[in-house]
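Structure below is start.cif: mmCIF, C-alpha atoms and all ligand atoms.
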```cif
data_my_file
loop_
_atom_site.group_PDB
_atom_site.id
_atom_site.type_symbol
_atom_site.label_atom_id
_atom_site.label_comp_id
_atom_site.auth_asym_id
_atom_site.auth_seq_id
_atom_site.Cartn_x
_atom_site.Cartn_y
_atom_site.Cartn_z
ATOM 1 C CA MET A 21 -3.054 3.160 21.494
ATOM 2 C CA LYS A 22 -1.292 2.740 18.140
ATOM 3 C CA LYS A 23 -1.486 5.681 15.788
ATOM 4 C CA ILE A 24 -1.942 4.867 12.103
ATOM 5 C CA GLY A 25 -1.827 7.506 9.400
ATOM 6 C CA VAL A 26 -3.591 7.374 6.055
ATOM 7 C CA LEU A 27 -1.890 9.530 3.452
ATOM 8 C CA ALA A 28 -4.766 11.789 2.439
ATOM 9 C CA LEU A 29 -3.508 13.703 -0.592
ATOM 10 C CA GLN A 30 -5.207 11.764 -3.395
ATOM 11 C CA GLY A 31 -6.927 8.420 -4.026
ATOM 12 C CA GLY A 32 -8.879 5.938 -1.918
ATOM 13 C CA VAL A 33 -8.476 7.606 1.470
ATOM 14 C CA ASP A 34 -11.990 7.185 2.927
ATOM 15 C CA GLU A 35 -12.099 3.504 1.950
ATOM 16 C CA HIS A 36 -8.882 2.814 3.875
ATOM 17 C CA ILE A 37 -10.141 4.687 6.927
ATOM 18 C CA ALA A 38 -13.369 2.650 6.874
ATOM 19 C CA ALA A 39 -11.423 -0.614 6.456
ATOM 20 C CA LEU A 40 -9.081 0.312 9.337
ATOM 21 C CA LEU A 41 -12.033 1.125 11.588
ATOM 22 C CA SER A 42 -13.813 -2.161 10.959
ATOM 23 C CA ALA A 43 -10.530 -4.118 11.148
ATOM 24 C CA SER A 44 -9.736 -2.602 14.553
ATOM 25 C CA GLU A 45 -13.242 -3.482 15.758
ATOM 26 C CA LYS A 46 -12.987 -7.056 14.487
ATOM 27 C CA ILE A 47 -9.743 -7.711 16.329
ATOM 28 C CA SER A 48 -10.776 -5.583 19.344
ATOM 29 C CA THR A 49 -7.692 -3.392 19.033
ATOM 30 C CA PRO A 50 -8.472 0.299 19.360
ATOM 31 C CA ILE A 51 -6.325 2.535 17.135
ATOM 32 C CA GLN A 52 -6.051 6.225 16.448
ATOM 33 C CA ILE A 53 -6.363 7.127 12.762
ATOM 34 C CA VAL A 54 -4.821 10.307 11.384
ATOM 35 C CA GLU A 55 -5.343 11.767 7.913
ATOM 36 C CA VAL A 56 -1.868 12.800 6.805
ATOM 37 C CA ARG A 57 -1.534 15.970 4.748
ATOM 38 C CA ASN A 58 1.182 17.941 6.536
ATOM 39 C CA PRO A 59 4.450 17.214 8.357
ATOM 40 C CA SER A 60 2.771 17.821 11.737
ATOM 41 C CA ASP A 61 0.197 15.065 11.002
ATOM 42 C CA MET A 62 3.072 12.606 11.090
ATOM 43 C CA ASP A 63 4.123 13.144 14.703
ATOM 44 C CA GLY A 64 4.288 9.843 16.565
ATOM 45 C CA LEU A 65 2.898 7.662 13.779
ATOM 46 C CA ASP A 66 3.382 3.905 14.272
ATOM 47 C CA GLY A 67 2.412 3.147 10.699
ATOM 48 C CA ILE A 68 1.062 4.735 7.541
ATOM 49 C CA ILE A 69 -1.094 3.568 4.635
ATOM 50 C CA ILE A 70 -0.459 4.901 1.148
ATOM 51 C CA PRO A 71 -3.707 4.418 -0.789
ATOM 52 C CA GLY A 72 -4.252 3.697 -4.450
ATOM 53 C CA GLY A 73 -4.704 6.571 -6.832
ATOM 54 C CA GLU A 74 -2.119 7.834 -9.281
ATOM 55 C CA SER A 75 1.434 7.334 -8.134
ATOM 56 C CA THR A 76 2.968 10.265 -10.063
ATOM 57 C CA THR A 77 0.359 12.629 -8.609
ATOM 58 C CA ILE A 78 0.765 11.240 -5.087
ATOM 59 C CA SER A 79 4.566 11.590 -5.256
ATOM 60 C CA LYS A 80 4.300 15.208 -6.448
ATOM 61 C CA LEU A 81 1.758 16.086 -3.753
ATOM 62 C CA MET A 82 3.960 14.486 -1.065
ATOM 63 C CA GLU A 83 6.865 16.647 -2.210
ATOM 64 C CA ARG A 84 4.712 19.769 -2.245
ATOM 65 C CA ALA A 85 3.494 18.979 1.285
ATOM 66 C CA GLY A 86 7.103 18.529 2.447
ATOM 67 C CA ILE A 87 6.503 14.969 3.670
ATOM 68 C CA PHE A 88 8.155 12.845 0.968
ATOM 69 C CA SER A 89 11.187 11.663 2.972
ATOM 70 C CA LYS A 90 9.262 11.564 6.248
ATOM 71 C CA VAL A 91 6.738 9.100 4.798
ATOM 72 C CA GLY A 92 9.571 6.848 3.614
ATOM 73 C CA GLN A 93 10.968 6.773 7.150
ATOM 74 C CA VAL A 94 7.826 5.499 8.864
ATOM 75 C CA ARG A 95 8.606 2.094 10.409
ATOM 76 C CA LYS A 96 5.511 0.341 9.094
ATOM 77 C CA ILE A 97 4.111 1.161 5.671
ATOM 78 C CA MET A 98 1.252 -0.449 3.783
ATOM 79 C CA GLY A 99 0.855 0.554 0.141
ATOM 80 C CA THR A 100 -2.019 -0.423 -2.139
ATOM 81 C CA CYS A 101 -1.736 -0.158 -5.913
ATOM 82 C CA ALA A 102 -0.227 3.323 -6.462
ATOM 83 C CA GLY A 103 1.049 2.977 -2.881
ATOM 84 C CA ALA A 104 2.810 -0.274 -3.852
ATOM 85 C CA VAL A 105 4.376 1.517 -6.830
ATOM 86 C CA LEU A 106 5.805 4.117 -4.440
ATOM 87 C CA LEU A 107 7.218 1.457 -2.093
ATOM 88 C CA ALA A 108 9.059 -0.489 -4.819
ATOM 89 C CA LYS A 109 12.812 -0.344 -5.323
ATOM 90 C CA LYS A 110 12.427 -0.873 -9.084
ATOM 91 C CA VAL A 111 9.625 0.466 -11.252
ATOM 92 C CA GLN A 112 9.027 -0.159 -14.942
ATOM 93 C CA GLY A 113 6.959 2.425 -16.761
ATOM 94 C CA SER A 114 7.654 5.289 -14.375
ATOM 95 C CA SER A 115 7.130 8.834 -15.550
ATOM 96 C CA LEU A 116 10.063 11.249 -15.586
ATOM 97 C CA GLU A 117 8.729 13.594 -12.931
ATOM 98 C CA GLN A 118 7.900 10.742 -10.546
ATOM 99 C CA ARG A 119 9.874 9.966 -7.366
ATOM 100 C CA PHE A 120 9.708 6.765 -5.343
ATOM 101 C CA LEU A 121 10.201 5.903 -1.692
ATOM 102 C CA SER A 122 12.221 2.863 -2.922
ATOM 103 C CA VAL A 123 12.149 0.957 0.356
ATOM 104 C CA MET A 124 10.801 -2.502 -0.497
ATOM 105 C CA ASP A 125 12.593 -5.211 -2.498
ATOM 106 C CA ILE A 126 9.906 -5.620 -5.114
ATOM 107 C CA GLU A 127 9.840 -4.718 -8.779
ATOM 108 C CA ILE A 128 6.712 -3.115 -10.154
ATOM 109 C CA GLU A 129 5.405 -2.931 -13.716
ATOM 110 C CA ARG A 130 2.973 -0.049 -13.810
ATOM 111 C CA ASN A 131 -0.422 -0.532 -15.516
ATOM 112 C CA ALA A 132 0.586 -4.096 -16.457
ATOM 113 C CA TYR A 133 -2.991 -5.427 -16.688
ATOM 114 C CA GLY A 134 -4.000 -2.748 -19.186
ATOM 115 C CA ARG A 135 -5.857 0.533 -19.027
ATOM 116 C CA GLN A 136 -8.623 1.776 -16.726
ATOM 117 C CA LEU A 137 -11.204 -0.054 -18.882
ATOM 118 C CA ASP A 138 -9.384 -3.339 -18.302
ATOM 119 C CA SER A 139 -9.925 -3.086 -14.530
ATOM 120 C CA PHE A 140 -11.385 -6.301 -13.107
ATOM 121 C CA GLU A 141 -12.418 -8.351 -10.082
ATOM 122 C CA ALA A 142 -11.084 -11.834 -9.370
ATOM 123 C CA ASN A 143 -10.793 -14.382 -6.599
ATOM 124 C CA LEU A 144 -7.394 -14.422 -4.960
ATOM 125 C CA THR A 145 -5.577 -17.188 -3.129
ATOM 126 C CA THR A 146 -4.310 -15.526 0.010
ATOM 127 C CA VAL A 147 -2.744 -16.520 3.311
ATOM 128 C CA PHE A 148 -6.183 -15.716 4.784
ATOM 129 C CA GLY A 149 -8.036 -18.022 2.348
ATOM 130 C CA THR A 150 -9.837 -17.174 -0.892
ATOM 131 C CA LEU A 151 -10.791 -13.495 -1.037
ATOM 132 C CA PRO A 152 -12.200 -11.284 -3.771
ATOM 133 C CA GLY A 153 -9.787 -8.736 -5.212
ATOM 134 C CA VAL A 154 -10.432 -5.561 -7.186
ATOM 135 C CA PHE A 155 -7.776 -4.462 -9.683
ATOM 136 C CA ILE A 156 -7.952 -0.887 -10.978
ATOM 137 C CA ARG A 157 -5.303 -0.043 -13.589
ATOM 138 C CA ALA A 158 -3.168 -2.293 -11.472
ATOM 139 C CA PRO A 159 0.555 -2.878 -11.608
ATOM 140 C CA LYS A 160 2.263 -6.285 -11.556
ATOM 141 C CA MET A 161 4.635 -7.119 -8.742
ATOM 142 C CA HIS A 162 7.796 -9.232 -8.812
ATOM 143 C CA VAL A 163 9.882 -10.115 -5.812
ATOM 144 C CA SER A 164 13.409 -8.782 -6.261
ATOM 145 C CA GLY A 165 15.021 -9.302 -2.884
ATOM 146 C CA LYS A 166 15.449 -11.679 0.017
ATOM 147 C CA GLY A 167 12.882 -11.807 2.758
ATOM 148 C CA VAL A 168 9.872 -10.714 0.704
ATOM 149 C CA GLN A 169 6.993 -13.067 1.518
ATOM 150 C CA PRO A 170 4.110 -13.399 -0.941
ATOM 151 C CA MET A 171 0.746 -13.132 0.821
ATOM 152 C CA ALA A 172 -1.691 -13.382 -2.084
ATOM 153 C CA PHE A 173 -1.798 -14.657 -5.647
ATOM 154 C CA TYR A 174 -3.962 -14.038 -8.691
ATOM 155 C CA GLY A 175 -3.149 -17.128 -10.773
ATOM 156 C CA ASN A 176 0.649 -17.157 -10.740
ATOM 157 C CA ASP A 177 0.969 -13.421 -10.104
ATOM 158 C CA ILE A 178 1.965 -12.255 -6.644
ATOM 159 C CA VAL A 179 -0.529 -9.548 -5.697
ATOM 160 C CA ALA A 180 0.371 -8.987 -2.030
ATOM 161 C CA ALA A 181 3.725 -9.224 -0.291
ATOM 162 C CA TYR A 182 5.241 -8.497 3.104
ATOM 163 C CA GLN A 183 8.823 -7.659 3.965
ATOM 164 C CA LYS A 184 10.470 -7.137 7.330
ATOM 165 C CA LYS A 185 13.757 -5.294 7.134
ATOM 166 C CA LEU A 186 15.400 -4.907 10.546
ATOM 167 C CA ASP A 187 12.832 -2.862 12.465
ATOM 168 C CA LYS A 188 10.889 -1.808 9.341
ATOM 169 C CA HIS A 189 7.821 -3.577 7.963
ATOM 170 C CA TYR A 190 6.411 -3.155 4.472
ATOM 171 C CA LEU A 191 3.190 -4.517 3.037
ATOM 172 C CA ALA A 192 2.368 -4.009 -0.642
ATOM 173 C CA MET A 193 -0.717 -4.964 -2.615
ATOM 174 C CA THR A 194 -1.410 -4.440 -6.307
ATOM 175 C CA PHE A 195 -5.185 -4.750 -5.754
ATOM 176 C CA HIS A 196 -7.550 -2.830 -3.432
ATOM 177 C CA PRO A 197 -8.172 -4.807 -0.214
ATOM 178 C CA GLU A 198 -9.941 -1.784 1.294
ATOM 179 C CA LEU A 199 -12.882 -2.467 -1.061
ATOM 180 C CA THR A 200 -13.502 -6.124 -0.234
ATOM 181 C CA THR A 201 -11.844 -7.322 2.984
ATOM 182 C CA THR A 202 -10.410 -6.153 6.281
ATOM 183 C CA ARG A 203 -7.919 -9.038 6.607
ATOM 184 C CA PHE A 204 -4.910 -7.081 5.333
ATOM 185 C CA HIS A 205 -5.754 -4.094 7.536
ATOM 186 C CA GLU A 206 -6.075 -6.454 10.518
ATOM 187 C CA PHE A 207 -2.616 -7.858 9.691
ATOM 188 C CA PHE A 208 -1.208 -4.316 9.442
ATOM 189 C CA ILE A 209 -2.731 -3.269 12.787
ATOM 190 C CA LYS A 210 -1.303 -6.409 14.419
ATOM 191 C CA LEU A 211 2.167 -5.510 13.109
HETATM 192 N N1 LIG B 1 -1.820 2.858 -12.330
HETATM 193 C C1 LIG B 1 -1.707 3.686 -11.174
HETATM 194 C C2 LIG B 1 -0.270 4.161 -10.985
HETATM 195 O O1 LIG B 1 0.656 3.572 -11.485
HETATM 196 C C3 LIG B 1 -2.158 2.959 -9.932
HETATM 197 C C4 LIG B 1 -3.646 2.640 -9.998
HETATM 198 C C5 LIG B 1 -4.305 2.507 -8.678
HETATM 199 O O2 LIG B 1 -3.762 2.905 -7.631
HETATM 200 N N2 LIG B 1 -5.511 2.009 -8.674
HETATM 201 O O3 LIG B 1 -0.078 5.124 -10.334
#
```

Hey, can you dump this file as structure tokens for me?
Amino acid sequence: MKKIGVLALQGGVDEHIAALLSASEKISTPIQIVEVRNPSDMDGLDGIIIPGGESTTISKLMERAGIFSKVGQVRKIMGTCAGAVLLAKKVQGSSLEQRFLSVMDIEIERNAYGRQLDSFEANLTTVFGTLPGVFIRAPKMHVSGKGVQPMAFYGNDIVAAYQKKLDKHYLAMTFHPELTTTRFHEFFIKL
């Protein structure tokens, strides 16, 4: 059985666990889910999800927990919103004390749709069809390297992308799929 971790230091942890559970049921693929807080929680992980939240806070808490580099080494990583910020190789609007995993060839503009009050819902054009998307103080994503495949758009903006780099797989979303659909979690489990 595949073992998938959900980084459980801050942000939308429970929502991702619920989405993973219903995704695994829908595609009849049993998985083991681990809440990751300590280095020992990471033993034997096949993949990890970094939830949305606040990327500076998540990066600091990962360092404090002694798992920062370990998380970056997991072969399959899905990052939503703050998680996508952490995956990106280039980040505009980063704070000084913030560190990044810098593994995926995307460029991120933090808080590019405005402040918390400007959060919104919108229909997205995705590889799985039209799906509702929730954007909470969301960043904008730009593809900055070869082999990054867009998976969802809001208007002309890429809001989900997938990259395979040798034996590593990265999936980044600027919105919160865990709130509206299991399709991206199903895709991640199938990876
Ligand atoms: N704006 C947040 C950040 O840059 C991300 C917001 C979210 O994850 N919903 O960390």

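Between CA of Gly113 (chain A) and CA of Ile37 (chain A) there is a distance of 29.3 Å.
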
Can you pull out every residue within 10 Å of Gly92 (chain A), counting all atoms listed in the file, but drop anything in the same chain fewer than 2 positions away, and send it as a ChimeraX atom specification? /A:68,87-90,94-97,106-107,120-123

Contacts of ligand LIG 1 (chain B), 8 Å or closer, all atoms listed in the file, given as number ranges by chain: A: 31, 71-77, 100-103, 105, 114, 130-131, 155-159, 194-196

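Take the candidates A:Gly67, A:Pro50, A:Pro59, A:Gly99 and check each one against Gly86 (chain A) using only C-alpha atoms; the shortest distance goes to A:Pro59.
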
Centre and edges of the region 191-210 of chain A box, axis-aligned, 4 Å extra per side, as lines of an AutoDock Vina configuration file:
```
center_x = -5.2
center_y = -5.4
center_z = 4.1
size_x = 24.7
size_y = 15.3
size_z = 28.7
```

Mind completing region 196-207 of chain A with all heavy atoms? Output as a PDB file, in the coordinates of the input, please?
```pdb
ATOM      1  N   HIS A 196      -6.976  -3.764  -4.410  1.00  0.00           N
ATOM      2  CA  HIS A 196      -7.550  -2.830  -3.432  1.00  0.00           C
ATOM      3  C   HIS A 196      -8.260  -3.580  -2.311  1.00  0.00           C
ATOM      4  O   HIS A 196      -9.488  -3.718  -2.341  1.00  0.00           O
ATOM      5  CB  HIS A 196      -8.530  -1.877  -4.132  1.00  0.00           C
ATOM      6  CG  HIS A 196      -7.828  -0.887  -5.000  1.00  0.00           C
ATOM      7  ND1 HIS A 196      -7.447   0.361  -4.559  1.00  0.00           N
ATOM      8  CD2 HIS A 196      -7.396  -0.985  -6.267  1.00  0.00           C
ATOM      9  CE1 HIS A 196      -6.821   0.996  -5.529  1.00  0.00           C
ATOM     10  NE2 HIS A 196      -6.780   0.199  -6.583  1.00  0.00           N
ATOM     11  N   PRO A 197      -7.539  -4.055  -1.298  1.00  0.00           N
ATOM     12  CA  PRO A 197      -8.172  -4.807  -0.214  1.00  0.00           C
ATOM     13  C   PRO A 197      -9.225  -3.975   0.518  1.00  0.00           C
ATOM     14  O   PRO A 197     -10.212  -4.524   1.016  1.00  0.00           O
ATOM     15  CB  PRO A 197      -7.000  -5.150   0.715  1.00  0.00           C
ATOM     16  CG  PRO A 197      -5.962  -4.123   0.421  1.00  0.00           C
ATOM     17  CD  PRO A 197      -6.113  -3.812  -1.036  1.00  0.00           C
ATOM     18  N   GLU A 198      -9.021  -2.659   0.551  1.00  0.00           N
ATOM     19  CA  GLU A 198      -9.941  -1.784   1.294  1.00  0.00           C
ATOM     20  C   GLU A 198     -11.375  -1.865   0.762  1.00  0.00           C
ATOM     21  O   GLU A 198     -12.315  -1.449   1.443  1.00  0.00           O
ATOM     22  CB  GLU A 198      -9.417  -0.337   1.297  1.00  0.00           C
ATOM     23  CG  GLU A 198      -9.532   0.437  -0.017  1.00  0.00           C
ATOM     24  CD  GLU A 198      -8.449   0.089  -1.045  1.00  0.00           C
ATOM     25  OE1 GLU A 198      -7.677  -0.853  -0.814  1.00  0.00           O
ATOM     26  OE2 GLU A 198      -8.409   0.768  -2.083  1.00  0.00           O
ATOM     27  N   LEU A 199     -11.537  -2.397  -0.472  1.00  0.00           N
ATOM     28  CA  LEU A 199     -12.882  -2.467  -1.061  1.00  0.00           C
ATOM     29  C   LEU A 199     -13.598  -3.775  -0.753  1.00  0.00           C
ATOM     30  O   LEU A 199     -14.818  -3.861  -0.890  1.00  0.00           O
ATOM     31  CB  LEU A 199     -12.794  -2.291  -2.587  1.00  0.00           C
ATOM     32  CG  LEU A 199     -12.229  -0.950  -3.063  1.00  0.00           C
ATOM     33  CD1 LEU A 199     -12.157  -0.921  -4.582  1.00  0.00           C
ATOM     34  CD2 LEU A 199     -13.076   0.209  -2.554  1.00  0.00           C
ATOM     35  N   THR A 200     -12.852  -4.812  -0.356  1.00  0.00           N
ATOM     36  CA  THR A 200     -13.502  -6.124  -0.234  1.00  0.00           C
ATOM     37  C   THR A 200     -13.241  -6.876   1.061  1.00  0.00           C
ATOM     38  O   THR A 200     -13.967  -7.817   1.372  1.00  0.00           O
ATOM     39  CB  THR A 200     -13.051  -7.067  -1.376  1.00  0.00           C
ATOM     40  OG1 THR A 200     -11.625  -7.147  -1.343  1.00  0.00           O
ATOM     41  CG2 THR A 200     -13.514  -6.581  -2.728  1.00  0.00           C
ATOM     42  N   THR A 201     -12.199  -6.528   1.807  1.00  0.00           N
ATOM     43  CA  THR A 201     -11.844  -7.322   2.984  1.00  0.00           C
ATOM     44  C   THR A 201     -11.108  -6.447   4.006  1.00  0.00           C
ATOM     45  O   THR A 201     -10.511  -5.434   3.635  1.00  0.00           O
ATOM     46  CB  THR A 201     -10.932  -8.503   2.588  1.00  0.00           C
ATOM     47  OG1 THR A 201     -10.468  -9.156   3.777  1.00  0.00           O
ATOM     48  CG2 THR A 201      -9.719  -8.060   1.796  1.00  0.00           C
ATOM     49  N   THR A 202     -11.182  -6.883   5.268  1.00  0.00           N
ATOM     50  CA  THR A 202     -10.410  -6.153   6.281  1.00  0.00           C
ATOM     51  C   THR A 202      -9.187  -6.954   6.707  1.00  0.00           C
ATOM     52  O   THR A 202      -8.437  -6.521   7.580  1.00  0.00           O
ATOM     53  CB  THR A 202     -11.271  -5.862   7.529  1.00  0.00           C
ATOM     54  OG1 THR A 202     -11.755  -7.117   8.028  1.00  0.00           O
ATOM     55  CG2 THR A 202     -12.428  -4.963   7.198  1.00  0.00           C
ATOM     56  N   ARG A 203      -8.979  -8.147   6.123  1.00  0.00           N
ATOM     57  CA  ARG A 203      -7.919  -9.038   6.607  1.00  0.00           C
ATOM     58  C   ARG A 203      -6.526  -8.408   6.535  1.00  0.00           C
ATOM     59  O   ARG A 203      -5.702  -8.595   7.430  1.00  0.00           O
ATOM     60  CB  ARG A 203      -7.922 -10.366   5.833  1.00  0.00           C
ATOM     61  CG  ARG A 203      -9.200 -11.166   5.969  1.00  0.00           C
ATOM     62  CD  ARG A 203      -9.621 -11.408   7.402  1.00  0.00           C
ATOM     63  NE  ARG A 203      -8.710 -12.241   8.160  1.00  0.00           N
ATOM     64  CZ  ARG A 203      -8.773 -13.562   8.259  1.00  0.00           C
ATOM     65  NH1 ARG A 203      -9.739 -14.216   7.647  1.00  0.00           N
ATOM     66  NH2 ARG A 203      -7.897 -14.220   8.962  1.00  0.00           N
ATOM     67  N   PHE A 204      -6.249  -7.670   5.466  1.00  0.00           N
ATOM     68  CA  PHE A 204      -4.910  -7.081   5.333  1.00  0.00           C
ATOM     69  C   PHE A 204      -4.734  -5.905   6.298  1.00  0.00           C
ATOM     70  O   PHE A 204      -3.650  -5.683   6.824  1.00  0.00           O
ATOM     71  CB  PHE A 204      -4.645  -6.673   3.874  1.00  0.00           C
ATOM     72  CG  PHE A 204      -4.526  -7.865   2.968  1.00  0.00           C
ATOM     73  CD1 PHE A 204      -5.650  -8.401   2.351  1.00  0.00           C
ATOM     74  CD2 PHE A 204      -3.307  -8.497   2.781  1.00  0.00           C
ATOM     75  CE1 PHE A 204      -5.557  -9.531   1.549  1.00  0.00           C
ATOM     76  CE2 PHE A 204      -3.196  -9.635   1.986  1.00  0.00           C
ATOM     77  CZ  PHE A 204      -4.323 -10.147   1.368  1.00  0.00           C
ATOM     78  N   HIS A 205      -5.816  -5.183   6.553  1.00  0.00           N
ATOM     79  CA  HIS A 205      -5.754  -4.094   7.536  1.00  0.00           C
ATOM     80  C   HIS A 205      -5.582  -4.661   8.947  1.00  0.00           C
ATOM     81  O   HIS A 205      -4.883  -4.092   9.764  1.00  0.00           O
ATOM     82  CB  HIS A 205      -7.003  -3.211   7.443  1.00  0.00           C
ATOM     83  CG  HIS A 205      -7.080  -2.445   6.144  1.00  0.00           C
ATOM     84  ND1 HIS A 205      -7.476  -3.033   4.972  1.00  0.00           N
ATOM     85  CD2 HIS A 205      -6.773  -1.162   5.842  1.00  0.00           C
ATOM     86  CE1 HIS A 205      -7.415  -2.140   3.989  1.00  0.00           C
ATOM     87  NE2 HIS A 205      -7.000  -0.998   4.502  1.00  0.00           N
ATOM     88  N   GLU A 206      -6.243  -5.795   9.217  1.00  0.00           N
ATOM     89  CA  GLU A 206      -6.075  -6.454  10.518  1.00  0.00           C
ATOM     90  C   GLU A 206      -4.607  -6.855  10.700  1.00  0.00           C
ATOM     91  O   GLU A 206      -4.003  -6.623  11.746  1.00  0.00           O
ATOM     92  CB  GLU A 206      -6.969  -7.714  10.616  1.00  0.00           C
ATOM     93  CG  GLU A 206      -8.454  -7.401  10.699  1.00  0.00           C
ATOM     94  CD  GLU A 206      -9.309  -8.658  10.509  1.00  0.00           C
ATOM     95  OE1 GLU A 206      -8.925  -9.749  10.977  1.00  0.00           O
ATOM     96  OE2 GLU A 206     -10.381  -8.549   9.880  1.00  0.00           O
ATOM     97  N   PHE A 207      -4.027  -7.444   9.646  1.00  0.00           N
ATOM     98  CA  PHE A 207      -2.616  -7.858   9.691  1.00  0.00           C
ATOM     99  C   PHE A 207      -1.732  -6.638   9.955  1.00  0.00           C
ATOM    100  O   PHE A 207      -0.812  -6.690  10.782  1.00  0.00           O
ATOM    101  CB  PHE A 207      -2.254  -8.510   8.336  1.00  0.00           C
ATOM    102  CG  PHE A 207      -0.818  -8.936   8.205  1.00  0.00           C
ATOM    103  CD1 PHE A 207      -0.398 -10.136   8.757  1.00  0.00           C
ATOM    104  CD2 PHE A 207       0.106  -8.150   7.551  1.00  0.00           C
ATOM    105  CE1 PHE A 207       0.951 -10.548   8.639  1.00  0.00           C
ATOM    106  CE2 PHE A 207       1.432  -8.536   7.426  1.00  0.00           C
ATOM    107  CZ  PHE A 207       1.857  -9.731   7.971  1.00  0.00           C
TER     108      PHE A 207
END
```
